[in-house]
Amino acid sequence: MSKPVKQIHLAAHFPGVNNTTVWSDPASGSHIEFSSFVHFAQTAERGKFDFMFLAEGLRLREQGGELYDLDVVGRPDTFTVLAALAAVTDRLGLTGTINSTFNEPYEVARQFASLDHLSGGRAAWNVVTSWDAFTGENFRRGGYLAEDQRYARAESFLRAAHTLFGSWRGDEIVADKDRGVFLSDRAAGAFSYADAHFDIGGRFNVPRSPQGRPVIFQAGDSDHGREFAASSADAIFSRHGTLEDGQAFFADVKGRLARYGRRPEELLILPAATFVLGDTDAEAAELAHDVRLAQVSPQTAIKFLEQLWNRDLSDHDPDGPLPTVDPVTGENTISRGRASVRTNRDPVEIANEWRAKAEAENLTSRELIVEVTGRQNFIGSPDTVAERINHLVQADASDGFILVPHVTPAGLDPFVEKVVPLLQERGVFRTEYEGTTLRDHLGLTRVAHLVG
Amino acid sequence: MSSSSDPLHLAVALDGTGWHPASWREADARPAELLTPGYWTDLVGVAERGQLVFATIEDGLALQSDNPLRADDRVDRVRGRLDAVLIASRVAPTTKRIGLIPTAIATHTEPFHLSKAIATLDYVSSGRAGIRIQVSASRDVARLFGRRDVPDLSGAASEAFVDELFTEAAEYVEVLRRLWDSWEDDAEIRDVASGRFVDRNKLHYIDFHGTKFSVKGPSITPRPPQGQPLVAALAHGEAGYRLIGDGADIGFVTPHDASETTAIVDAIAAHRPADADPVLVFADVVVFLGDTQEAAAARKARLDERLGAEYISDAEVFVGTPAQLADLLQEWHAAGAAGFRLRPAALPHDLLQITDGLVPELRRRGALADADHATTLRAALQLPRPANRYATT
């Protein structure tokens, strides 16, 4: 018996504040003006995408004790811009990354329930955690959270938020003018939640929203993060976009669901993926190389080296060989506010690998960085890319992809214009939205009952 | 202080189905739609077409209650609401000229988050954002957050505690303002030769250390279109007048006659630093309007009958025709009020009376500020775009 053909889920990640985003491209527009967000969201909706995705960082990055100035810097408030985008889109899901460390459950639940009402059921929450005192310097609590506590707090935070979302059943507002009865239940919204992290109670003041609660995304990749996702998330924003790597991740995470009484289709695996399109595969490959060079300027190459070497390399020649000194081991102090520099691998071992590769392939420092930091998933003609995406989804490497264009705001346009129609022709991607809520688009069942 | 020869500004305060607790039972009320975006875009659209300078949107962290400090279990009043900042943001792209001033509660929220939220509201509205800052002394509200203890306000500690809340609110406003300035307007340079997207010398740590919190900065959001979105607060006494005089752009106050208006305007001005732009004092008035005095009185009587009591308010309650209201507003304007924030007793009726009756009447009298050409809220209120406190050039 052959497997049924899977329908692909597509989403769009607004270009972020890292070197994937090429601000030096002449076509690059504003990263902060609302018109850029409108263009991006409306393009995604034109492409019948499930949702658009916004990342978040609550402190500007630093390297070598100074604000990092080589990447795009600056972004809007997540909730506020998504609420405004609800006015200029009709069906597109609106996914926001919101931190569970530097927020409080009552306020976040209010904001997501409000966003869900104001968008007619299109809100989603990518739950992320932080622990660092560096970000904490912008908040009342400061840096208080032990690193090993961050998932515990995140899980508590999510349970508390679910308690709040579930505090209204949805039928309490009767607004009977003649009888003068507005609420059918005098305890509507009553809740209490107490554990090691939170002790809160009272009445929630946002009645039940169209989706019951926002769709929950999780992005952590550790064992703890995967378990958290299996227990509580509707979708995972993963980094595993290749066939073998993706299949292993897919099997691992979906395999954890049964433990929580959940079916495999109740948790979607959606890796982030970049793309470069050309008329032909050869042209796309050439363009992809140009994009890589734009993403890794000579100055950016030095900063990447510093992140591994954990020392000042400002005098190093990016067009010469890799540094001969070894990385400084121990705590990484050169770069702050950036998740990717945290690695469990020995930096000296990685540096030696890089040196061997550079020597074997005769690469300069910058060329080496171009090679090892590449994150280009789909390169080719529209037909090649459509085929590749479909193959990965049908082979259970993922349920779809969150596409990350490298130019704001029009970087998504060619994908929507050229690749989406090919996926539609193959019968693996919708030609019209069938439902109105994000939960509908993702094929998730409605939340009938919420566990506190 | 505004001069009485300046035209007056007219704004509306939106809250649920109106300020009268029985307003939701009126025939034209839409109580079942309060949680839908269309409800708010319709009302703000009416206010914009009526050329009101801004709309405020009330908010509160706790479920509404007839008791300001404690929950009640009434089922005969509107209960439940949406976050006001997000309502304002949802409405912004559907409007072009009207200012949007949602409410936020300083006592339990993060100034870093609110700063970027209001900066973003300013971006999505192309320069029409403000924020009305409120404090909360309620133990019930504190319990929703579980973060801080609030004394029982019947005790002797209450006055000191309220002072503490206002001090914290003033610090909160200072943090908002520093964060809005933490990016200079020309910080984004996109210099390909040096590989730099921003000039880091034009991004600034704010290094704020207050009595309740510290904030490092800079903001993650670039300086908003107005430079500084407008900060407003409602005050009934000295602590609030100090907050407004020290750090707000707009004060909402509740005088009951012309001489009280003058006294409050003077009290606020006494707190104003000499080098600051003048504060705009708006008098709040609850309005029950009708085509005739009798019709307005009959409406109020009907609403009060459903309430089972006479409606009382912190603000002056006006019952009459738009022309009679115009007389009162002109008198208080001459006494020093720069403008008025009218609280419609019932929506949409009293808002329509404002836009279709009061506005044309004031226009006929040449008494209303013409903000039609202005595209930002600051411009509509004739306030300059402020220089950045951190800019050296």
# chains A, B, ... in the order shown; residues from 1 in each chain; ligands from 1
>>> residues_around(residues="Leu268 of chain A", least_positions_apart="3", cutoff="7 Å", atoms="only C-alpha atoms", output="short mmCIF file (atom, residue, chain, number, x, y, z; two decimals) with N, CA and C atoms, in the first residue's frame")
data_model
loop_
_atom_site.label_atom_id
_atom_site.label_comp_id
_atom_site.auth_asym_id
_atom_site.auth_seq_id
_atom_site.Cartn_x
_atom_site.Cartn_y
_atom_site.Cartn_z
N ASP A 234 2.20 22.65 19.09
CA ASP A 234 1.46 22.25 17.88
C ASP A 234 2.39 22.15 16.68
N ALA A 235 3.52 22.86 16.76
CA ALA A 235 4.47 22.84 15.65
C ALA A 235 5.86 23.15 16.18
N ILE A 236 6.86 22.62 15.46
CA ILE A 236 8.25 22.90 15.81
C ILE A 236 8.91 23.67 14.68
N GLU A 265 0.16 13.53 13.65
CA GLU A 265 -0.26 14.73 12.92
C GLU A 265 -0.62 15.89 13.83
N ASP A 399 7.21 18.44 7.57
CA ASP A 399 5.83 18.62 7.11
C ASP A 399 5.69 19.82 6.20
#
>>> residues_around(residues="Gln42 of chain A", least_positions_apart="6", cutoff="9 Å", atoms="only C-alpha atoms", output="PyMOL selection string")
chain A and resi 85+88-89+92
>>> write_last_selection(atoms="C-alpha atoms", output="JSON list (two decimals), in the first residue's frame")
[["chain", "number", "residue", "atom", "x", "y", "z"],
["A", 85, "LEU", "CA", -0.99, 43.13, 9.95],
["A", 88, "VAL", "CA", -4.22, 44.16, 5.93],
["A", 89, "THR", "CA", -4.54, 40.38, 5.63],
["A", 92, "LEU", "CA", -2.64, 34.48, 6.90]]
>>> residues_around(residues="segment 118-134 of chain B", least_positions_apart="2", cutoff="8 Å", atoms="only C-alpha atoms", output="compact mmCIF listing (two decimals) with C-alpha atoms, in the first residue's frame")
# COMPACT_ATOMS: atom_id res chain seq x y z
CA ILE A 32 11.13 48.75 10.15
CA GLU A 33 8.62 50.72 8.06
CA PHE A 34 5.18 49.14 8.19
CA PRO A 76 9.21 46.26 15.79
CA ASP A 77 7.30 44.99 18.79
CA THR A 80 1.84 45.34 17.92
CA VAL A 81 2.99 44.76 14.36
CA ALA A 84 -1.65 45.83 12.56
CA THR B 56 -8.28 57.12 23.61
CA VAL B 85 -2.57 48.79 22.55
CA ALA B 88 -5.16 50.67 18.52
CA SER B 89 -2.68 48.83 16.32
CA ALA B 92 -4.23 52.07 12.73
CA PRO B 93 -3.98 50.76 9.14
CA THR B 95 -7.37 55.12 9.45
CA LYS B 96 -5.24 57.99 8.16
CA ARG B 97 -5.40 61.05 10.39
CA ILE B 98 -6.79 60.34 13.84
CA GLY B 99 -4.41 59.98 16.79
CA LEU B 100 -4.57 56.71 18.74
CA ILE B 101 -3.94 56.77 22.48
CA PRO B 102 -4.44 53.40 24.18
CA THR B 103 -4.08 52.91 27.93
CA ALA B 104 -1.32 50.92 29.62
CA ILE B 105 -0.83 50.10 33.29
CA ALA B 106 2.67 51.03 34.44
CA THR B 107 2.47 49.28 37.80
CA LEU B 114 5.70 49.11 26.24
CA SER B 115 8.30 51.45 24.77
CA LYS B 116 8.75 49.29 21.67
CA SER B 136 -3.04 50.28 39.66
CA ALA B 169 4.97 55.77 36.90
CA TRP B 180 12.48 56.26 22.15
CA THR B 221 13.08 49.42 17.87
CA PRO B 222 14.45 52.46 16.02
CA ARG B 223 13.25 55.95 16.95
CA PRO B 224 9.58 56.24 15.95
CA PRO B 225 8.28 58.68 13.31
CA GLN B 226 7.18 61.31 15.86
CA PRO B 229 4.97 59.52 20.77
CA LEU B 230 2.69 61.51 23.07
CA VAL B 231 2.40 60.56 26.73
CA ALA B 232 -0.87 61.23 28.53
CA ALA B 233 -2.26 60.62 32.01
CA LEU B 234 -5.55 61.18 33.81
CA THR B 375 -0.57 63.77 9.28
CA THR B 376 0.98 63.16 12.70
CA LEU B 377 -0.64 63.52 16.10
CA ARG B 378 2.04 65.97 17.15
>>> select_by_dssp(residues="segment 198-370 of chain B", states="alpha helix (DSSP H)", output="PyMOL selection string")
chain B and resi 238-247+258-270+293-307+322-334+349-353+359-364
>>> closest_residue(among="B:Lys216, B:Arg190, B:Arg25, B:Arg79", to="Ser184 of chain A", atoms="only C-alpha atoms")
B:Arg79
>>> closest_residue(among="A:Trp168, A:Phe191, A:Tyr68, A:Tyr433", to="Gly212 of chain A", atoms="only C-alpha atoms")
A:Trp168
>>> closest_residue(among="B:His108, B:Arg177, B:Arg196, B:His113", to="chain A", atoms="only C-alpha atoms")
B:Arg196
>>> residues_around(residues="Met52 of chain A", least_positions_apart="3", cutoff="10 Å", atoms="only C-alpha atoms", output="compact mmCIF listing (two decimals) with N, CA and C atoms, in the first residue's frame")
# COMPACT_ATOMS: atom_id res chain seq x y z
N LEU A 10 3.53 25.67 4.07
CA LEU A 10 4.53 26.70 3.80
C LEU A 10 4.26 27.92 4.67
N ALA A 11 5.35 28.51 5.14
CA ALA A 11 5.25 29.73 5.93
C ALA A 11 6.42 30.63 5.56
N ALA A 12 6.34 31.89 5.99
CA ALA A 12 7.35 32.86 5.61
C ALA A 12 7.90 33.58 6.83
N HIS A 13 9.20 33.54 6.97
CA HIS A 13 9.91 34.17 8.09
C HIS A 13 10.34 35.56 7.63
N PHE A 14 9.87 36.59 8.31
CA PHE A 14 10.32 37.94 7.96
C PHE A 14 11.82 37.99 8.17
N PHE A 40 5.34 42.06 2.69
CA PHE A 40 5.74 40.69 2.98
C PHE A 40 4.53 39.82 3.32
N ALA A 41 3.67 40.31 4.20
CA ALA A 41 2.50 39.54 4.64
C ALA A 41 1.54 39.31 3.48
N GLN A 42 1.33 40.33 2.69
CA GLN A 42 0.37 40.18 1.58
C GLN A 42 0.92 39.24 0.51
N ALA A 44 2.85 36.64 1.20
CA ALA A 44 2.66 35.30 1.78
C ALA A 44 1.20 34.87 1.65
N GLU A 45 0.29 35.81 1.85
CA GLU A 45 -1.13 35.46 1.74
C GLU A 45 -1.52 35.18 0.28
N PHE A 49 0.09 30.89 1.92
CA PHE A 49 0.92 30.33 2.99
C PHE A 49 0.08 30.17 4.27
N LEU A 82 1.96 42.54 14.57
CA LEU A 82 1.05 41.48 14.10
C LEU A 82 -0.41 41.94 14.16
N LEU A 92 -4.01 34.87 6.53
CA LEU A 92 -2.64 34.48 6.90
C LEU A 92 -2.49 34.35 8.42
N GLY A 93 -1.91 33.25 8.85
CA GLY A 93 -1.59 33.09 10.26
C GLY A 93 -0.50 34.07 10.68
N LEU A 94 -0.53 34.48 11.95
CA LEU A 94 0.39 35.50 12.44
C LEU A 94 1.14 34.93 13.65
N THR A 95 2.38 34.52 13.41
CA THR A 95 3.15 33.83 14.45
C THR A 95 4.19 34.76 15.04
N GLY A 96 4.13 34.93 16.35
CA GLY A 96 5.09 35.80 17.03
C GLY A 96 5.93 35.03 18.02
N ALA A 124 -0.46 32.79 16.58
CA ALA A 124 0.40 31.68 17.03
C ALA A 124 1.56 32.24 17.83
N ILE A 402 9.49 26.74 6.69
CA ILE A 402 9.35 28.17 6.97
C ILE A 402 10.44 28.86 6.16
N LEU A 403 10.03 29.50 5.09
CA LEU A 403 11.01 30.06 4.15
C LEU A 403 11.57 31.38 4.66
>>> atom_distance(atom1="atom CA of Gly241 of chain A", atom2="atom CA of Pro271 of chain A")
5.5 Å
>>> closest_residue(among="A:Ala294, A:Ala83, A:Val17, A:Ala27", to="Thr94 of chain B", atoms="only C-alpha atoms")
A:Ala83
>>> residues_around(residues="segment 28-41 of chain B", least_positions_apart="3", cutoff="9 Å", atoms="only C-alpha atoms", output="ChimeraX atom specification")
/A:87,114,117-120,173-175,177,182,206-207,209 /B:16-18,23-25,44-46,78,80-82,87-88,90-92,94-95,346-349
>>> select_by_dssp(residues="segment 180-382 of chain A", states="strand (DSSP E or B)", output="ChimeraX atom specification")
/A:181-183,190-194,199-203,215-218,235-238,268-273,275-277,335-336,378-380
>>> closest_residue(among="B:Pro7, B:Gly227, B:Pro111, B:Gly146", to="Gly202 of chain A", atoms="only C-alpha atoms")
B:Gly146
>>> closest_residue(among="A:Gly29, A:Gly201, A:Asp132, A:Arg122", to="chain B", atoms="only C-alpha atoms")
A:Gly201
>>> residues_around(residues="Val319 of chain B", least_positions_apart="6", cutoff="10 Å", atoms="only C-alpha atoms", output="PyMOL selection string")
chain B and resi 286-290+292-300+325+345
